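Novice: Quick one: structure below, then a few questions.
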Amino acid sequence: MPRLTDKTAIRAILRSDPVWGVYALGDLAPRMFPKTQWFGPDLALVLNDFDTSILFAVGTGAVREALGHVRWPVHLQLRQDALEEVARHAIIESQCQMWRMGWNGPADHLRQGSSGQAAGPHMAGGRTVRLGPADVPALLKLYADGEATGESPDFFYPSMVTDGVFFGVYEGDALVAAAGTHLYAPEEHAVAIGNIYTMRDRRGRGLGGAVTSAVLDAVKDTGTVGLNVRANNHAALRLYESLGFVRHCQFYEGLATLGK
C-alpha cells in the first residue's frame, strides 16, 4: 500500500471531515510533520512523539500497513471499524469510549467578548490569566491534585504551554483551575482543546467554564476546534455543550500490543 508524503493530498482527505481529523491536521505543521508516517489507500497516520506511537485512521484500508511501522505498545485513536481491524492483527489491552466534539462557534457569553477575563457568577476570587512557561510548576501541581482519583489530564507535556494557549485562575499563589490546548496549529487552521482541570475542592464555582471560555476566545478565529471527552463524563459533556461544542462522533482511545 502506498506511503503518502504529499501534504496537499493528505490535507484534502483530512479536510473532508476536519473535526475527526483535527489532531492529524495539527501533525501537518512543520514542527510535527517529520515525526509522522502516512499510509494509503484511504489514510492511516503513525505519529512517533513523546517516546510513544499513536495510530489514527480514516477508514480501515491502511491500518494493517501502518501497524508495521509503530513502536509497541501503540496508543490508539480510532473509530469502531478501524479498532476492529487492529484487533485482527494485535492485542487490544485497553480501550475507552470517547466523544470527539467540534466547536460550532461562541456561546452567548463568548460572543459578548471575554478577552481572557471570563468569570462565572459563582466564581470565587481571581480572574483568568494567560499562562506561560513560568507557570508550568503550578500546572503540574494542579494536575497532581487529580492523580488519586484518576482525573488528572493524562496527556500533558510542558512544551504544550510554550507551543499552545493556556489560561488559568490563581487564588493567591495557588493555581486552582486551568485549560489549554493539546495542539495549536494556526498554519493548518486546527486547534485541539485539552488539559482542563479544576482543583477538587474548588469545583461548582464556574472555574472550568471560565478558563475554557478564555482559551476559546483566544483561538476562536483559528479554524477547526475540537476536543476529546470520555463518553461517560456527563458533567464535562454538559459543560462543553454549554460553550458551543457539539458531539461529532464516537471513537475509542486504547492501547494495543503485538503479543507473543
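Going through the C-alpha cells in order, the chains are called A, B, and so on, while each chain numbers its residues from 1 and the ligands are numbered from 1 in the order shown.
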Using only C-alpha atoms, which residues sit within 9 Å of Glu188 of chain A once same-chain residues fewer than 2 positions away are excluded, as a PyMOL selection string?

Specialist: chain A and resi 11+25-29+184-186+190-191+222-223

Novice: Hey, which of A:Pro158, A:Pro137, A:Gly164, A:Pro30 ends up closest to Ile193 of chain A? Count only C-alpha atoms.

Specialist: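 Among the listed residues, the smallest separation from Ile193 of chain A belongs to A:Gly164.
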
Novice: May I ask for the distance between atom CA of Leu76 of chain A and atom CA of Ala178 of chain A, given in Å to one decimal place?

Specialist: 26.0 Å

Novice: Could you find all residues in segment 31-145 of chain A that DSSP calls helix (DSSP H, G or I) from the backbone, and write them as a count of residues only?

Specialist: 32

Novice: How far is it from atom CA of Thr181 of chain A to atom CA of Pro153 of chain A, in Å with one decimal?

Specialist: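 Atom-to-atom, atom CA of Thr181 of chain A to atom CA of Pro153 of chain A, that is 11.5 Å.
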
Novice: Atom CA of Asn228 of chain A and atom CA of Arg100 of chain A, how far apart in Å?

Specialist: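 Computing it gives 4.8 Å between the two atoms.
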
Novice: Give me the residues near Thr5 of chain A as a PyMOL selection string, where near means some atom within 9 Å (using only C-alpha atoms) and where sequence neighbours in that chain fewer than 5 positions away do not count.

Specialist: chain A and resi 10+37-39

Novice: With C-alpha atoms retained, write the just-selected residues as a short mmCIF file (atom, residue, chain, number, x, y, z; two decimals), in the first residue's frame.

Specialist:
data_model
loop_
_atom_site.label_atom_id
_atom_site.label_comp_id
_atom_site.auth_asym_id
_atom_site.auth_seq_id
_atom_site.Cartn_x
_atom_site.Cartn_y
_atom_site.Cartn_z
CA ILE A 10 -3.18 14.30 2.97
CA GLN A 37 4.25 8.47 8.64
CA TRP A 38 1.14 8.40 6.45
CA PHE A 39 -0.31 5.45 4.55
#

Novice: I need the residue nearest Arg15 of chain A from this list: A:Arg64, A:Arg203, A:Arg238, A:His189. Use only C-alpha atoms for the distance.

Specialist: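 That would be A:His189, the residue with the smallest distance to Arg15 of chain A.
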
Novice: Which residue is closest to Val22 of chain A? Choose from A:Val86, A:Leu227, A:Thr36, A:Phe166 and count only C-alpha atoms.

Specialist: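 Of A:Val86, A:Leu227, A:Thr36, A:Phe166, the one nearest Val22 of chain A, counting only C-alpha atoms, is A:Leu227.
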
Novice: Which residues, written as an MDAnalysis selection string, have at least one atom at most 10 Å from segment 87-99 of chain A, with only C-alpha atoms counted and residues fewer than 6 positions away on the same chain left out?

Specialist: chainID A and resid 63:64 67 73:80 227:233 237 246:260
